[in-house]
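Here is the structure we will look at.
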Amino acid sequence: MQAVQPVEMALHLRVPYWAAKGATVKVNGKPEHVTATPSSYLRLQRRWHDGDQVEYALPMSLHLAPTPDDPSLQAMMYGPLVLAGKLGSDDLSRDLIYGPMEPSGTPAPLPPITASSKDPVGWVEPVPNQQLAFRTTGQCESIPLVPFYKIADQKYVVYWKVRGSSS
């Protein structure tokens, strides 16, 4: 922060809806004891001096984004990132990748996804020792998931048909 002279003011930091595990703030390296709920603002009221530094952390976690008209059709997200399942490039020609925008060809078959009512995001897990890499788990086959922006030149799935289980 730059200030010719100290100034008393409030700094409001947005806490997005996906920050369910809380936000942390440090001012000049010291933790601030503030709370805010997701989809609100965190307020830092203080006298600010030239050179003050604010560190703001929002832990990301897996969460679902179901479609409004069908709750069983779900996208998996990690914080603000939409995750896409990588389905490979078999039968995918250059014309299909870079051709006209109208869909053509045969959609890739998708295995059904079963989620536990006790852990609705439990069908996806992080891949150990890999950043922003996930995979389906407890399903008939394991499918790698990555942030949607990393998908290129291959088939993918964003919305999954998920059925519940009582376990």
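Residue numbering restarts at 1 in every chain; chains get A, B, ... in the order shown in the structure tokens, and ligands count up from 1 in that same order.
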
Exercise. Which parts of chain A does DSSP call strand (DSSP E or B) when run on the backbone here, written out as a ChimeraX atom specification?
Worked result: /A:7-15,24-27,30-32,40-48,54-57,62-67,70-78,81-88,113-116,124-126,134-136,144-147,155-157,159-165

For this session: Would you list the contacts of Gly164 (chain A) as a ChimeraX atom specification, taking every protein, DNA or RNA residue within 9 Å and counting only C-alpha atoms, but skipping same-chain residues closer than 2 positions in sequence?
Result: /A:72,113-117,120,162,166-167

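In this structure, CA of Glu125 (chain A) sits 14.8 Å away from CA of Leu81 (chain A).
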
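Here CA of Ala108 (chain A) and CA of Ser61 (chain A) stand 28.0 Å from one another.
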
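Here CA of Leu62 (chain A) stands at a distance of 24.7 Å from CA of Lys26 (chain A).
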
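If you count only C-alpha atoms and ignore residues fewer than 4 places along the chain from Val127 (chain A), what sits within 12 Å of it is Gln131, Leu132, Ala133, Phe134, Arg135, Thr136, Thr137, Ser142, Ile143, Pro144, Leu145 and Val146 of chain A.
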
Pull C-alpha atoms from the residues just selected and write them as an mmCIF file, in the first residue's frame.
data_model
loop_
_atom_site.group_PDB
_atom_site.id
_atom_site.type_symbol
_atom_site.label_atom_id
_atom_site.label_comp_id
_atom_site.auth_asym_id
_atom_site.auth_seq_id
_atom_site.Cartn_x
_atom_site.Cartn_y
_atom_site.Cartn_z
ATOM 1 C CA GLN A 131 -0.649 -29.959 -9.040
ATOM 2 C CA LEU A 132 -4.219 -29.449 -10.338
ATOM 3 C CA ALA A 133 -4.550 -33.106 -11.354
ATOM 4 C CA PHE A 134 -7.483 -35.241 -10.248
ATOM 5 C CA ARG A 135 -9.095 -38.572 -11.151
ATOM 6 C CA THR A 136 -12.356 -40.362 -10.649
ATOM 7 C CA THR A 137 -12.276 -42.905 -7.844
ATOM 8 C CA SER A 142 -10.582 -44.074 -13.553
ATOM 9 C CA ILE A 143 -10.721 -40.921 -15.689
ATOM 10 C CA PRO A 144 -8.177 -38.116 -15.262
ATOM 11 C CA LEU A 145 -9.562 -34.612 -14.632
ATOM 12 C CA VAL A 146 -7.751 -31.315 -15.166
#

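Minimum atom-to-atom distances from A:Met60, A:Ala65, A:Met77, A:Ala10 to Pro147 (chain A) were compared using only C-alpha atoms, and the lowest value belongs to A:Met77.
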
For this session: Do a neighbour search on Val82 (chain A) at 8 Å with only C-alpha atoms, toss out local chain neighbours closer than 6 positions, and write the hits as an MDAnalysis selection string.
Result: chainID A and resid 75:76 147:148 158

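For the set A:Val4, A:Val34, A:Ala20, A:Leu87, the residue with the smallest atom-to-atom gap to Pro109 (chain A) is A:Leu87, counting only C-alpha atoms.
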
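All residues of region 4-152 of chain A that DSSP, run on the backbone, classes as alpha helix (DSSP H) are A:Arg94, A:Asp95, A:Leu96, A:Ile97, A:Tyr98.
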
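All residues of protein, DNA or RNA that reach within 6 Å of region 37-42 of chain A, judged by only C-alpha atoms and not counting those fewer than 5 positions away in the chain, are A:His12, A:Leu13, A:Arg14, A:Val15, A:Pro16, A:Tyr17, A:Ala19.
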
Go ahead and dump the residues you just picked, C-alpha atoms, as a PDB file, in the first residue's frame.
ATOM      1  CA  HIS A  12     -13.118  -5.013   1.915  1.00  0.00           C
ATOM      2  CA  LEU A  13     -11.965  -8.312   0.409  1.00  0.00           C
ATOM      3  CA  ARG A  14     -14.452 -10.495  -1.462  1.00  0.00           C
ATOM      4  CA  VAL A  15     -14.876 -14.039  -0.130  1.00  0.00           C
ATOM      5  CA  PRO A  16     -16.217 -16.071  -3.074  1.00  0.00           C
ATOM      6  CA  TYR A  17     -18.932 -18.704  -2.695  1.00  0.00           C
ATOM      7  CA  ALA A  19     -14.209 -20.534  -0.258  1.00  0.00           C
TER       8      ALA A  19
END

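Residues surrounding Gly88 (chain A) within 8 Å are Gln154, Lys155 and Tyr156 of chain A [only C-alpha atoms; sequence separation below 5 positions excluded].
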
Convert the current residue selection to file output with N, CA and C atoms, as a PDB file, in the first residue's frame.
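again-v5.pdb, written as the output of this step:
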ATOM      1  N   GLN A 154      -8.528 -32.912 -27.681  1.00  0.00           N
ATOM      2  CA  GLN A 154      -9.033 -34.210 -27.267  1.00  0.00           C
ATOM      3  C   GLN A 154     -10.475 -34.093 -26.812  1.00  0.00           C
ATOM      4  N   LYS A 155     -11.118 -35.233 -26.698  1.00  0.00           N
ATOM      5  CA  LYS A 155     -12.483 -35.275 -26.201  1.00  0.00           C
ATOM      6  C   LYS A 155     -12.452 -35.062 -24.690  1.00  0.00           C
ATOM      7  N   TYR A 156     -13.535 -34.490 -24.171  1.00  0.00           N
ATOM      8  CA  TYR A 156     -13.604 -34.214 -22.740  1.00  0.00           C
ATOM      9  C   TYR A 156     -15.058 -34.223 -22.281  1.00  0.00           C
TER      10      TYR A 156
END

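Across A:Asp50, A:Glu32, A:Leu64, A:Arg43, the tightest approach to Pro6 (chain A) is made by A:Asp50 when counting only C-alpha atoms.
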
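The nearest approach to Gln74 (chain A) among the residues A:Gln139, A:Pro126, A:Val121, A:Lys150, with only C-alpha atoms taken into account, belongs to A:Val121.
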